[in-house]
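Colleague: Next comes the structure file final_9.cif, holding mmCIF, C-alpha atoms.
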```cif
data_final
#
loop_
_atom_site.label_atom_id
_atom_site.label_comp_id
_atom_site.auth_asym_id
_atom_site.auth_seq_id
_atom_site.Cartn_x
_atom_site.Cartn_y
_atom_site.Cartn_z
CA MET T 1 3.90 -25.73 22.46
CA ARG T 2 1.51 -23.07 23.58
CA ALA T 3 3.16 -20.27 21.58
CA LYS T 4 3.25 -22.56 18.57
CA GLY T 5 -0.46 -23.24 18.89
CA ILE T 6 -1.31 -19.56 19.13
CA ARG T 7 0.85 -18.74 16.14
CA ALA T 8 -0.73 -21.55 14.14
CA ALA T 9 -4.23 -20.31 14.98
CA LEU T 10 -3.25 -16.78 13.98
CA VAL T 11 -1.94 -17.97 10.63
CA ARG T 12 -5.01 -20.13 10.03
CA ALA T 13 -7.43 -17.25 10.47
CA ARG T 14 -5.35 -14.71 8.57
CA LEU T 15 -6.76 -13.74 5.19
CA ARG T 16 -4.45 -13.91 2.22
CA PRO T 17 -5.67 -11.70 -0.63
CA VAL T 18 -6.16 -13.64 -3.88
CA GLY T 19 -6.55 -10.49 -5.97
CA VAL T 20 -7.25 -6.78 -6.04
CA ILE T 21 -9.90 -4.42 -7.46
CA ARG T 22 -8.75 -1.99 -10.16
CA SER T 23 -11.40 0.70 -10.47
CA VAL T 24 -11.91 4.27 -11.62
CA LEU T 25 -13.27 4.85 -8.10
CA LYS T 26 -10.27 6.18 -6.21
CA ALA T 27 -11.79 7.78 -3.13
CA LEU T 28 -14.19 6.38 -0.53
CA ARG T 29 -16.21 9.59 -0.46
CA LYS T 30 -16.95 9.23 -4.17
CA ALA T 31 -18.02 5.58 -3.96
CA PRO T 32 -21.73 4.70 -3.97
CA LYS T 33 -22.85 2.76 -0.91
CA GLN T 34 -24.07 -0.22 -2.95
CA GLY T 35 -23.20 -1.63 -6.35
CA SER T 36 -26.77 -1.05 -7.51
CA GLU T 37 -26.48 2.68 -6.87
CA GLY T 38 -24.68 3.74 -10.02
CA ALA T 39 -21.39 1.91 -9.42
CA PRO T 40 -19.07 1.29 -12.38
CA ASP T 41 -17.60 -1.92 -13.70
CA ALA T 42 -14.05 -2.69 -12.58
CA TRP T 43 -11.24 -5.15 -13.13
CA LEU T 44 -10.57 -7.92 -10.65
CA GLU T 45 -6.89 -8.82 -11.00
CA VAL T 46 -6.33 -12.28 -9.61
CA HIS T 47 -2.81 -12.90 -8.33
CA PRO T 48 -0.89 -15.37 -10.53
CA SER T 49 -0.52 -17.71 -7.54
CA ALA T 50 -4.33 -18.11 -7.38
CA ALA T 51 -5.16 -17.94 -11.10
CA LYS T 52 -5.82 -21.69 -11.42
CA GLY T 53 -8.82 -21.15 -9.16
CA LEU T 54 -10.59 -19.30 -12.00
CA GLN T 55 -10.86 -22.36 -14.22
CA GLY T 56 -14.50 -22.91 -15.18
CA LEU T 57 -15.70 -19.32 -14.74
CA ALA T 58 -17.31 -17.91 -17.88
CA VAL T 59 -18.52 -14.59 -19.25
CA GLY T 60 -22.07 -13.99 -18.05
CA ASP T 61 -21.64 -15.85 -14.77
CA GLU T 62 -23.16 -14.30 -11.67
CA ILE T 63 -20.60 -14.40 -8.88
CA ILE T 64 -20.09 -13.03 -5.39
CA VAL T 65 -16.80 -11.23 -4.93
CA VAL T 66 -15.70 -11.12 -1.30
CA THR T 67 -13.52 -8.13 -0.43
CA TRP T 68 -11.72 -6.94 2.67
CA PHE T 69 -12.52 -3.30 3.45
CA HIS T 70 -8.98 -2.46 4.44
CA ARG T 71 -9.93 1.12 5.32
CA ALA T 72 -12.78 0.19 7.66
CA ARG T 73 -12.97 0.57 11.44
CA ARG T 74 -13.16 -2.74 13.29
CA ASP T 75 -14.13 -1.38 16.71
CA VAL T 76 -17.63 -0.31 15.65
CA LEU T 77 -20.69 -2.36 16.70
CA ARG T 78 -23.49 0.17 16.08
CA VAL T 79 -23.92 2.77 13.37
CA HIS T 80 -26.39 5.31 12.09
CA PRO T 81 -27.37 3.53 8.84
CA ARG T 82 -26.14 5.21 5.68
CA SER T 83 -24.18 7.65 7.85
CA ASP T 84 -27.40 9.59 8.44
CA LYS T 85 -27.76 10.74 12.05
CA GLN T 86 -31.53 10.81 11.52
CA ASN T 87 -31.44 7.00 11.39
CA PRO T 88 -31.41 5.40 14.85
CA LEU T 89 -28.30 3.56 16.03
CA THR T 90 -28.43 0.03 14.63
CA GLY T 91 -26.23 -3.02 15.19
CA VAL T 92 -23.75 -3.49 12.36
CA PHE T 93 -24.99 -7.07 11.79
CA ALA T 94 -28.35 -5.61 10.71
CA THR T 95 -26.63 -3.26 8.23
CA ARG T 96 -24.15 -3.29 5.38
CA SER T 97 -21.84 -0.80 7.04
CA PRO T 98 -18.21 -1.40 6.04
CA ASP T 99 -17.29 -0.65 9.66
CA ARG T 100 -17.73 -3.96 11.55
CA PRO T 101 -15.55 -6.43 13.49
CA ASN T 102 -14.53 -8.32 10.33
CA PRO T 103 -14.93 -5.84 7.45
CA LEU T 104 -15.82 -8.30 4.69
CA GLY T 105 -17.71 -7.00 1.66
CA LEU T 106 -20.04 -9.20 -0.41
CA HIS T 107 -20.49 -7.94 -3.97
CA PRO T 108 -22.90 -9.74 -6.32
CA VAL T 109 -21.61 -8.96 -9.82
CA THR T 110 -21.70 -10.24 -13.37
CA VAL T 111 -18.59 -11.40 -15.22
CA ARG T 112 -18.45 -9.11 -18.28
CA ALA T 113 -15.17 -10.34 -19.77
CA ILE T 114 -12.20 -12.56 -18.95
CA ASP T 115 -8.64 -11.67 -19.97
CA GLY T 116 -6.16 -14.19 -18.60
CA ASN T 117 -6.15 -13.77 -14.83
CA ARG T 118 -8.24 -10.59 -14.98
CA LEU T 119 -12.04 -10.53 -14.72
CA ARG T 120 -14.08 -7.55 -15.85
CA ILE T 121 -16.92 -7.39 -13.30
CA GLY T 122 -19.68 -5.09 -12.23
CA PRO T 123 -21.35 -3.10 -11.08
CA ILE T 124 -19.16 -2.82 -7.98
CA GLU T 125 -18.76 0.02 -5.48
CA ALA T 126 -15.39 -1.13 -4.07
CA ILE T 127 -12.60 1.41 -4.56
CA ASP T 128 -9.34 0.92 -6.42
CA GLY T 129 -6.89 -1.17 -4.42
CA THR T 130 -9.48 -3.07 -2.36
CA PRO T 131 -8.16 -6.58 -1.60
CA VAL T 132 -10.23 -9.53 -2.84
CA VAL T 133 -10.24 -12.60 -0.60
CA ASP T 134 -12.71 -14.95 -2.31
CA ILE T 135 -14.90 -15.48 -5.38
CA LYS T 136 -17.97 -17.73 -5.36
CA PRO T 137 -20.69 -18.69 -7.84
CA VAL T 138 -24.05 -17.18 -6.84
CA ILE T 139 -25.95 -20.37 -7.48
CA SER T 140 -24.56 -23.72 -6.62
CA ARG T 141 -25.13 -25.78 -9.73
CA SER T 142 -25.73 -29.47 -9.28
CA ASP T 143 -22.53 -30.19 -11.21
CA ARG T 144 -20.41 -27.98 -8.98
CA MET W 145 9.29 0.43 11.58
CA ARG W 146 9.21 -2.24 8.96
CA ALA W 147 8.47 -5.05 11.42
CA LYS W 148 5.82 -2.89 13.03
CA GLY W 149 4.17 -2.34 9.64
CA ILE W 150 4.15 -6.04 8.85
CA ARG W 151 2.72 -6.89 12.25
CA ALA W 152 0.04 -4.23 11.86
CA ALA W 153 -0.94 -5.59 8.43
CA LEU W 154 -1.11 -9.11 9.87
CA VAL W 155 -3.39 -7.99 12.67
CA ARG W 156 -5.58 -6.01 10.28
CA ALA W 157 -6.28 -8.97 8.04
CA ARG W 158 -6.74 -11.44 10.87
CA LEU W 159 -10.31 -12.59 11.41
CA ARG W 160 -11.71 -12.40 14.91
CA PRO W 161 -14.67 -14.74 15.38
CA VAL W 162 -17.79 -12.91 16.57
CA GLY W 163 -19.65 -16.12 17.37
CA VAL W 164 -19.91 -19.86 16.90
CA ILE W 165 -22.38 -22.37 15.42
CA ARG W 166 -23.99 -24.81 17.84
CA SER W 167 -25.49 -27.63 15.80
CA VAL W 168 -26.58 -31.23 16.05
CA LEU W 169 -24.24 -31.80 13.08
CA LYS W 170 -21.03 -32.94 14.73
CA ALA W 171 -19.08 -34.52 11.88
CA LEU W 172 -18.14 -33.17 8.46
CA ARG W 173 -18.98 -36.46 6.77
CA LYS W 174 -22.56 -36.24 8.02
CA ALA W 175 -23.09 -32.62 6.92
CA PRO W 176 -25.03 -31.90 3.73
CA LYS W 177 -23.06 -29.95 1.13
CA GLN W 178 -25.56 -27.06 1.08
CA GLY W 179 -28.11 -25.70 3.53
CA SER W 180 -30.90 -26.48 1.07
CA GLU W 181 -30.03 -30.18 1.09
CA GLY W 182 -31.77 -31.22 4.27
CA ALA W 183 -29.65 -29.25 6.73
CA PRO W 184 -31.03 -28.60 10.22
CA ASP W 185 -31.57 -25.37 12.08
CA ALA W 186 -28.82 -24.41 14.53
CA TRP W 187 -27.94 -21.84 17.16
CA LEU W 188 -25.59 -18.99 16.40
CA GLU W 189 -24.06 -17.93 19.71
CA VAL W 190 -22.72 -14.41 19.40
CA HIS W 191 -19.86 -13.61 21.75
CA PRO W 192 -20.88 -11.11 24.46
CA SER W 193 -18.22 -8.68 23.18
CA ALA W 194 -20.04 -8.45 19.82
CA ALA W 195 -23.65 -8.74 21.03
CA LYS W 196 -24.43 -5.03 20.53
CA GLY W 197 -24.01 -5.64 16.79
CA LEU W 198 -27.27 -7.65 16.80
CA GLN W 199 -29.45 -4.65 17.62
CA GLY W 200 -32.15 -4.29 14.99
CA LEU W 201 -32.24 -7.92 13.83
CA ALA W 202 -35.69 -9.49 14.08
CA VAL W 203 -37.34 -12.90 13.83
CA GLY W 204 -38.11 -13.61 10.18
CA ASP W 205 -35.15 -11.63 8.82
CA GLU W 206 -33.21 -13.18 5.96
CA ILE W 207 -29.50 -12.90 6.73
CA ILE W 208 -26.20 -14.16 5.40
CA VAL W 209 -24.04 -15.79 8.03
CA VAL W 210 -20.35 -15.76 7.11
CA THR W 211 -18.37 -18.64 8.61
CA TRP W 212 -14.73 -19.67 8.60
CA PHE W 213 -14.32 -23.31 7.60
CA HIS W 214 -11.62 -23.97 10.15
CA ARG W 215 -11.20 -27.56 8.97
CA ALA W 216 -10.69 -26.71 5.29
CA ARG W 217 -7.53 -27.00 3.22
CA ARG W 218 -6.17 -23.64 2.03
CA ASP W 219 -3.68 -24.97 -0.52
CA VAL W 220 -6.32 -26.22 -2.97
CA LEU W 221 -7.09 -24.28 -6.19
CA ARG W 222 -8.94 -26.96 -8.19
CA VAL W 223 -11.38 -29.66 -7.11
CA HIS W 224 -13.62 -32.33 -8.52
CA PRO W 225 -16.97 -30.66 -7.72
CA ARG W 226 -18.99 -32.38 -5.02
CA SER W 227 -16.03 -34.68 -4.39
CA ASP W 228 -17.07 -36.73 -7.41
CA LYS W 229 -14.10 -37.82 -9.54
CA GLN W 230 -16.49 -38.04 -12.51
CA ASN W 231 -16.73 -34.23 -12.46
CA PRO W 232 -13.81 -32.53 -14.24
CA LEU W 233 -11.28 -30.55 -12.22
CA THR W 234 -12.71 -27.07 -11.70
CA GLY W 235 -11.25 -23.90 -10.17
CA VAL W 236 -12.42 -23.40 -6.60
CA PHE W 237 -13.70 -19.90 -7.45
CA ALA W 238 -16.27 -21.53 -9.75
CA THR W 239 -17.41 -23.86 -6.96
CA ARG W 240 -18.60 -23.77 -3.36
CA SER W 241 -15.90 -26.13 -2.18
CA PRO W 242 -14.92 -25.40 1.44
CA ASP W 243 -11.31 -26.02 0.39
CA ARG W 244 -10.04 -22.69 -1.02
CA PRO W 245 -7.38 -20.08 -0.21
CA ASN W 246 -9.65 -18.22 2.24
CA PRO W 247 -12.21 -20.78 3.41
CA LEU W 248 -15.14 -18.45 4.01
CA GLY W 249 -18.65 -19.89 3.98
CA LEU W 250 -21.72 -17.86 2.98
CA HIS W 251 -24.95 -19.21 4.44
CA PRO W 252 -28.28 -17.59 3.54
CA VAL W 253 -30.57 -18.40 6.47
CA THR W 254 -33.74 -17.23 8.19
CA VAL W 255 -33.78 -15.97 11.77
CA ARG W 256 -36.23 -18.32 13.53
CA ALA W 257 -35.88 -16.99 17.08
CA ILE W 258 -33.77 -14.64 19.15
CA ASP W 259 -32.78 -15.39 22.74
CA GLY W 260 -30.44 -12.72 24.10
CA ASN W 261 -27.19 -13.05 22.18
CA ARG W 262 -28.24 -16.33 20.53
CA LEU W 263 -29.97 -16.55 17.17
CA ARG W 264 -31.85 -19.64 16.07
CA ILE W 265 -31.12 -19.86 12.33
CA GLY W 266 -31.51 -22.25 9.45
CA PRO W 267 -31.28 -24.28 7.47
CA ILE W 268 -27.49 -24.40 7.77
CA GLU W 269 -25.01 -27.13 6.93
CA ALA W 270 -22.11 -25.81 9.06
CA ILE W 271 -21.01 -28.24 11.75
CA ASP W 272 -20.94 -27.66 15.49
CA GLY W 273 -18.08 -25.40 16.52
CA THR W 274 -17.72 -23.57 13.20
CA PRO W 275 -16.55 -19.99 13.86
CA VAL W 276 -18.81 -17.15 12.64
CA VAL W 277 -17.01 -14.03 11.42
CA ASP W 278 -19.85 -11.84 10.11
CA ILE W 279 -23.63 -11.47 9.80
CA LYS W 280 -25.28 -9.37 7.10
CA PRO W 281 -28.85 -8.59 6.02
CA VAL W 282 -29.66 -10.20 2.65
CA ILE W 283 -31.34 -7.09 1.32
CA SER W 284 -30.01 -3.67 2.04
CA ARG W 285 -33.08 -1.74 3.09
CA SER W 286 -33.14 1.94 2.33
CA ASP W 287 -33.28 2.67 6.05
CA ARG W 288 -30.17 0.65 6.78
#
```
Would you encode the structure as structure tokens?

Modeller:
Amino acid sequence: MRAKGIRAALVRARLRPVGVIRSVLKALRKAPKQGSEGAPDAWLEVHPSAAKGLQGLAVGDEIIVVTWFHRARRDVLRVHPRSDKQNPLTGVFATRSPDRPNPLGLHPVTVRAIDGNRLRIGPIEAIDGTPVVDIKPVISRSDR
Amino acid sequence: MRAKGIRAALVRARLRPVGVIRSVLKALRKAPKQGSEGAPDAWLEVHPSAAKGLQGLAVGDEIIVVTWFHRARRDVLRVHPRSDKQNPLTGVFATRSPDRPNPLGLHPVTVRAIDGNRLRIGPIEAIDGTPVVDIKPVISRSDR
């Protein structure tokens, strides 16, 4: 019973990617630190198994794409912001460092185009291959 | 090797709660659907193992608390928004339904007070016991 409960809890809190970022940004060192800092548009390819979840999204919508920074370090609790040693050590919860216990990225973007289960979105600083775990409307409309 | 790789991937994408919501809201049916709809303030208790990550947060800061809706259904891709059958079926990615493949909640809140590793925050509609997986500043300051 106990092992079953632990396994169930593990499965419950395990993220299952619903899509992936396809971007011209291939390397972390070339990626801007924020989408507003000259990042390109990219494609968000939603996996066919999750495509029904897109119903109702439209070109022009402002959405938040939630990514999983699969290359991040999870054992980091304090950083020098913007990787600048001149900046004093700061708790990761007061920064947008990708290195943090649960390396989730929040990316406010605009939907530029929709092509089947692919969304053209931007600007977004996530690199090619970054897993997407959720998509949310920025503003909760009364009819949603 | 293969099993090791699968296990490693599982561990990498597994969320580890960094804290928990302590709220007067005890039941889902009593919780407002959004923080702006009359939700109370609550305590965010950060686990001692993650407390160093709070360094630099201050009273008055606007933050986004990321929760894991541990009671949500993960097999839902379309919903009647706001649980109202009058609303047409809509993809979960166009709604804020807690039922979704990865039931992450984004809660924009204000830090009202800080007491050691506990933050008084609000307004927030998450119920008592909801796991917290991340905390982020709303605005990325140039010095962060």

Colleague: Carefully work through the PyMOL selection byres ((chain W) within 9 of (chain T)) for this structure and note down the residues it includes, as a PDB file with C-alpha atoms, in the frame of the given file.

Modeller:
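As a result, selection.pdb now contains:
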```pdb
ATOM      1  CA  LEU W 154      -1.110  -9.110   9.870  1.00  0.00           C
ATOM      2  CA  VAL W 155      -3.390  -7.990  12.670  1.00  0.00           C
ATOM      3  CA  ARG W 156      -5.580  -6.010  10.280  1.00  0.00           C
ATOM      4  CA  ALA W 157      -6.280  -8.970   8.040  1.00  0.00           C
ATOM      5  CA  ARG W 158      -6.740 -11.440  10.870  1.00  0.00           C
ATOM      6  CA  LEU W 159     -10.310 -12.590  11.410  1.00  0.00           C
ATOM      7  CA  ARG W 160     -11.710 -12.400  14.910  1.00  0.00           C
ATOM      8  CA  PRO W 161     -14.670 -14.740  15.380  1.00  0.00           C
ATOM      9  CA  VAL W 162     -17.790 -12.910  16.570  1.00  0.00           C
ATOM     10  CA  GLN W 178     -25.560 -27.060   1.080  1.00  0.00           C
ATOM     11  CA  ALA W 194     -20.040  -8.450  19.820  1.00  0.00           C
ATOM     12  CA  ALA W 195     -23.650  -8.740  21.030  1.00  0.00           C
ATOM     13  CA  LYS W 196     -24.430  -5.030  20.530  1.00  0.00           C
ATOM     14  CA  GLY W 197     -24.010  -5.640  16.790  1.00  0.00           C
ATOM     15  CA  LEU W 198     -27.270  -7.650  16.800  1.00  0.00           C
ATOM     16  CA  GLN W 199     -29.450  -4.650  17.620  1.00  0.00           C
ATOM     17  CA  GLY W 200     -32.150  -4.290  14.990  1.00  0.00           C
ATOM     18  CA  LEU W 201     -32.240  -7.920  13.830  1.00  0.00           C
ATOM     19  CA  ALA W 202     -35.690  -9.490  14.080  1.00  0.00           C
ATOM     20  CA  ILE W 207     -29.500 -12.900   6.730  1.00  0.00           C
ATOM     21  CA  TRP W 212     -14.730 -19.670   8.600  1.00  0.00           C
ATOM     22  CA  HIS W 214     -11.620 -23.970  10.150  1.00  0.00           C
ATOM     23  CA  ARG W 218      -6.170 -23.640   2.030  1.00  0.00           C
ATOM     24  CA  VAL W 220      -6.320 -26.220  -2.970  1.00  0.00           C
ATOM     25  CA  LEU W 221      -7.090 -24.280  -6.190  1.00  0.00           C
ATOM     26  CA  ARG W 222      -8.940 -26.960  -8.190  1.00  0.00           C
ATOM     27  CA  HIS W 224     -13.620 -32.330  -8.520  1.00  0.00           C
ATOM     28  CA  PRO W 225     -16.970 -30.660  -7.720  1.00  0.00           C
ATOM     29  CA  ARG W 226     -18.990 -32.380  -5.020  1.00  0.00           C
ATOM     30  CA  ASN W 231     -16.730 -34.230 -12.460  1.00  0.00           C
ATOM     31  CA  LEU W 233     -11.280 -30.550 -12.220  1.00  0.00           C
ATOM     32  CA  THR W 234     -12.710 -27.070 -11.700  1.00  0.00           C
ATOM     33  CA  GLY W 235     -11.250 -23.900 -10.170  1.00  0.00           C
ATOM     34  CA  VAL W 236     -12.420 -23.400  -6.600  1.00  0.00           C
ATOM     35  CA  PHE W 237     -13.700 -19.900  -7.450  1.00  0.00           C
ATOM     36  CA  ALA W 238     -16.270 -21.530  -9.750  1.00  0.00           C
ATOM     37  CA  THR W 239     -17.410 -23.860  -6.960  1.00  0.00           C
ATOM     38  CA  ARG W 240     -18.600 -23.770  -3.360  1.00  0.00           C
ATOM     39  CA  SER W 241     -15.900 -26.130  -2.180  1.00  0.00           C
ATOM     40  CA  ARG W 244     -10.040 -22.690  -1.020  1.00  0.00           C
ATOM     41  CA  PRO W 245      -7.380 -20.080  -0.210  1.00  0.00           C
ATOM     42  CA  ASN W 246      -9.650 -18.220   2.240  1.00  0.00           C
ATOM     43  CA  PRO W 247     -12.210 -20.780   3.410  1.00  0.00           C
ATOM     44  CA  LEU W 248     -15.140 -18.450   4.010  1.00  0.00           C
ATOM     45  CA  VAL W 277     -17.010 -14.030  11.420  1.00  0.00           C
ATOM     46  CA  ASP W 278     -19.850 -11.840  10.110  1.00  0.00           C
ATOM     47  CA  ILE W 279     -23.630 -11.470   9.800  1.00  0.00           C
ATOM     48  CA  LYS W 280     -25.280  -9.370   7.100  1.00  0.00           C
ATOM     49  CA  PRO W 281     -28.850  -8.590   6.020  1.00  0.00           C
ATOM     50  CA  SER W 284     -30.010  -3.670   2.040  1.00  0.00           C
ATOM     51  CA  ARG W 285     -33.080  -1.740   3.090  1.00  0.00           C
ATOM     52  CA  SER W 286     -33.140   1.940   2.330  1.00  0.00           C
ATOM     53  CA  ASP W 287     -33.280   2.670   6.050  1.00  0.00           C
ATOM     54  CA  ARG W 288     -30.170   0.650   6.780  1.00  0.00           C
TER      55      ARG W 288
END
```

Colleague: What is the distance between atom CA of Pro267 of chain W and atom CA of Glu181 of chain W, in Å to one decimal?

Modeller: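 According to the coordinates, atom CA of Pro267 of chain W and atom CA of Glu181 of chain W are separated by 8.8 Å.
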
Colleague: Quick check, in Å to one decimal: how far apart do atom CA of His47 of chain T and atom CA of Ala270 of chain W lie?

Modeller: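 Between atom CA of His47 of chain T and atom CA of Ala270 of chain W the gap is 29.0 Å.
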
Colleague: Mind telling me what the PyMOL selection byres ((chain T and resi 42) around 12) catches here, as a VMD selection string?

Modeller: chain T and resid 20 to 26 35 39 to 41 43 to 45 65 107 109 to 114 118 to 130

Colleague: Write out chain T, as a compact mmCIF listing (two decimals) with C-alpha atoms, in the coordinates of the input, after superposing it onto chain W by least squares using every C-alpha atom paired in order.

Modeller:
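Final output, saved to selection_31.txt:
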```
# COMPACT_ATOMS: atom_id res chain seq x y z
CA MET T 1 9.39 0.33 11.42
CA ARG T 2 9.25 -2.41 8.86
CA ALA T 3 8.50 -5.18 11.37
CA LYS T 4 5.86 -2.97 12.94
CA GLY T 5 4.21 -2.45 9.57
CA ILE T 6 4.15 -6.15 8.81
CA ARG T 7 2.72 -6.96 12.21
CA ALA T 8 0.07 -4.28 11.82
CA ALA T 9 -0.94 -5.64 8.41
CA LEU T 10 -1.14 -9.15 9.85
CA VAL T 11 -3.40 -8.00 12.66
CA ARG T 12 -5.58 -5.99 10.28
CA ALA T 13 -6.31 -8.96 8.05
CA ARG T 14 -6.76 -11.46 10.87
CA LEU T 15 -10.34 -12.58 11.42
CA ARG T 16 -11.71 -12.39 14.92
CA PRO T 17 -14.68 -14.73 15.39
CA VAL T 18 -17.81 -12.90 16.59
CA GLY T 19 -19.66 -16.12 17.40
CA VAL T 20 -19.91 -19.85 16.92
CA ILE T 21 -22.37 -22.37 15.43
CA ARG T 22 -23.99 -24.81 17.86
CA SER T 23 -25.49 -27.62 15.81
CA VAL T 24 -26.58 -31.24 16.05
CA LEU T 25 -24.23 -31.79 13.09
CA LYS T 26 -21.01 -32.93 14.73
CA ALA T 27 -19.07 -34.52 11.88
CA LEU T 28 -18.13 -33.15 8.45
CA ARG T 29 -18.96 -36.44 6.76
CA LYS T 30 -22.54 -36.22 8.02
CA ALA T 31 -23.07 -32.61 6.91
CA PRO T 32 -25.02 -31.90 3.71
CA LYS T 33 -23.05 -29.93 1.13
CA GLN T 34 -25.56 -27.06 1.06
CA GLY T 35 -28.10 -25.70 3.52
CA SER T 36 -30.89 -26.47 1.06
CA GLU T 37 -30.03 -30.17 1.07
CA GLY T 38 -31.76 -31.23 4.26
CA ALA T 39 -29.65 -29.24 6.73
CA PRO T 40 -31.03 -28.60 10.22
CA ASP T 41 -31.55 -25.37 12.08
CA ALA T 42 -28.81 -24.41 14.54
CA TRP T 43 -27.96 -21.85 17.17
CA LEU T 44 -25.61 -18.98 16.41
CA GLU T 45 -24.07 -17.93 19.73
CA VAL T 46 -22.75 -14.42 19.41
CA HIS T 47 -19.88 -13.61 21.76
CA PRO T 48 -20.90 -11.12 24.48
CA SER T 49 -18.25 -8.68 23.21
CA ALA T 50 -20.08 -8.45 19.85
CA ALA T 51 -23.69 -8.75 21.05
CA LYS T 52 -24.47 -5.05 20.55
CA GLY T 53 -24.04 -5.66 16.83
CA LEU T 54 -27.30 -7.66 16.81
CA GLN T 55 -29.48 -4.67 17.65
CA GLY T 56 -32.19 -4.31 15.00
CA LEU T 57 -32.27 -7.93 13.83
CA ALA T 58 -35.72 -9.50 14.10
CA VAL T 59 -37.36 -12.90 13.84
CA GLY T 60 -38.12 -13.62 10.19
CA ASP T 61 -35.17 -11.66 8.84
CA GLU T 62 -33.22 -13.19 5.98
CA ILE T 63 -29.52 -12.90 6.74
CA ILE T 64 -26.20 -14.16 5.42
CA VAL T 65 -24.04 -15.80 8.05
CA VAL T 66 -20.36 -15.76 7.14
CA THR T 67 -18.36 -18.63 8.63
CA TRP T 68 -14.73 -19.66 8.62
CA PHE T 69 -14.30 -23.30 7.62
CA HIS T 70 -11.60 -23.96 10.17
CA ARG T 71 -11.17 -27.56 8.98
CA ALA T 72 -10.66 -26.69 5.32
CA ARG T 73 -7.50 -26.97 3.22
CA ARG T 74 -6.16 -23.63 2.03
CA ASP T 75 -3.66 -24.94 -0.52
CA VAL T 76 -6.31 -26.19 -2.96
CA LEU T 77 -7.07 -24.24 -6.17
CA ARG T 78 -8.92 -26.91 -8.19
CA VAL T 79 -11.35 -29.60 -7.11
CA HIS T 80 -13.59 -32.28 -8.51
CA PRO T 81 -16.96 -30.63 -7.73
CA ARG T 82 -18.97 -32.34 -5.01
CA SER T 83 -15.99 -34.63 -4.39
CA ASP T 84 -17.05 -36.69 -7.41
CA LYS T 85 -14.08 -37.76 -9.54
CA GLN T 86 -16.46 -38.01 -12.50
CA ASN T 87 -16.70 -34.21 -12.45
CA PRO T 88 -13.79 -32.51 -14.23
CA LEU T 89 -11.27 -30.51 -12.21
CA THR T 90 -12.70 -27.03 -11.69
CA GLY T 91 -11.23 -23.87 -10.16
CA VAL T 92 -12.41 -23.37 -6.60
CA PHE T 93 -13.70 -19.86 -7.45
CA ALA T 94 -16.28 -21.50 -9.75
CA THR T 95 -17.42 -23.83 -6.94
CA ARG T 96 -18.60 -23.77 -3.35
CA SER T 97 -15.88 -26.11 -2.16
CA PRO T 98 -14.90 -25.38 1.45
CA ASP T 99 -11.29 -25.99 0.40
CA ARG T 100 -10.05 -22.66 -1.03
CA PRO T 101 -7.38 -20.04 -0.21
CA ASN T 102 -9.66 -18.19 2.24
CA PRO T 103 -12.22 -20.77 3.44
CA LEU T 104 -15.15 -18.42 4.03
CA GLY T 105 -18.66 -19.88 3.99
CA LEU T 106 -21.73 -17.85 3.00
CA HIS T 107 -24.96 -19.22 4.47
CA PRO T 108 -28.29 -17.59 3.57
CA VAL T 109 -30.60 -18.41 6.49
CA THR T 110 -33.75 -17.23 8.20
CA VAL T 111 -33.80 -15.98 11.79
CA ARG T 112 -36.25 -18.35 13.53
CA ALA T 113 -35.90 -17.01 17.08
CA ILE T 114 -33.78 -14.65 19.16
CA ASP T 115 -32.79 -15.41 22.76
CA GLY T 116 -30.46 -12.74 24.12
CA ASN T 117 -27.21 -13.06 22.21
CA ARG T 118 -28.26 -16.33 20.57
CA LEU T 119 -29.98 -16.55 17.17
CA ARG T 120 -31.85 -19.65 16.07
CA ILE T 121 -31.11 -19.86 12.33
CA GLY T 122 -31.50 -22.25 9.47
CA PRO T 123 -31.28 -24.28 7.49
CA ILE T 124 -27.48 -24.38 7.79
CA GLU T 125 -25.01 -27.13 6.92
CA ALA T 126 -22.12 -25.80 9.06
CA ILE T 127 -21.00 -28.23 11.77
CA ASP T 128 -20.95 -27.65 15.51
CA GLY T 129 -18.08 -25.40 16.53
CA THR T 130 -17.72 -23.56 13.21
CA PRO T 131 -16.55 -19.97 13.87
CA VAL T 132 -18.81 -17.15 12.66
CA VAL T 133 -17.03 -14.03 11.43
CA ASP T 134 -19.87 -11.83 10.13
CA ILE T 135 -23.65 -11.48 9.81
CA LYS T 136 -25.31 -9.37 7.11
CA PRO T 137 -28.87 -8.60 6.03
CA VAL T 138 -29.66 -10.22 2.67
CA ILE T 139 -31.33 -7.14 1.29
CA SER T 140 -30.03 -3.71 1.96
CA ARG T 141 -33.09 -1.76 3.02
CA SER T 142 -33.17 1.91 2.19
CA ASP T 143 -33.23 2.72 5.90
CA ARG T 144 -30.13 0.66 6.63
```

Colleague: For a test of reading the model, state the distance in Å between atom CA of Pro32 of chain T and atom CA of Pro98 of chain T, rounded to one decimal.

Modeller: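 Atom CA of Pro98 of chain T lies at a distance of 12.2 Å from atom CA of Pro32 of chain T.
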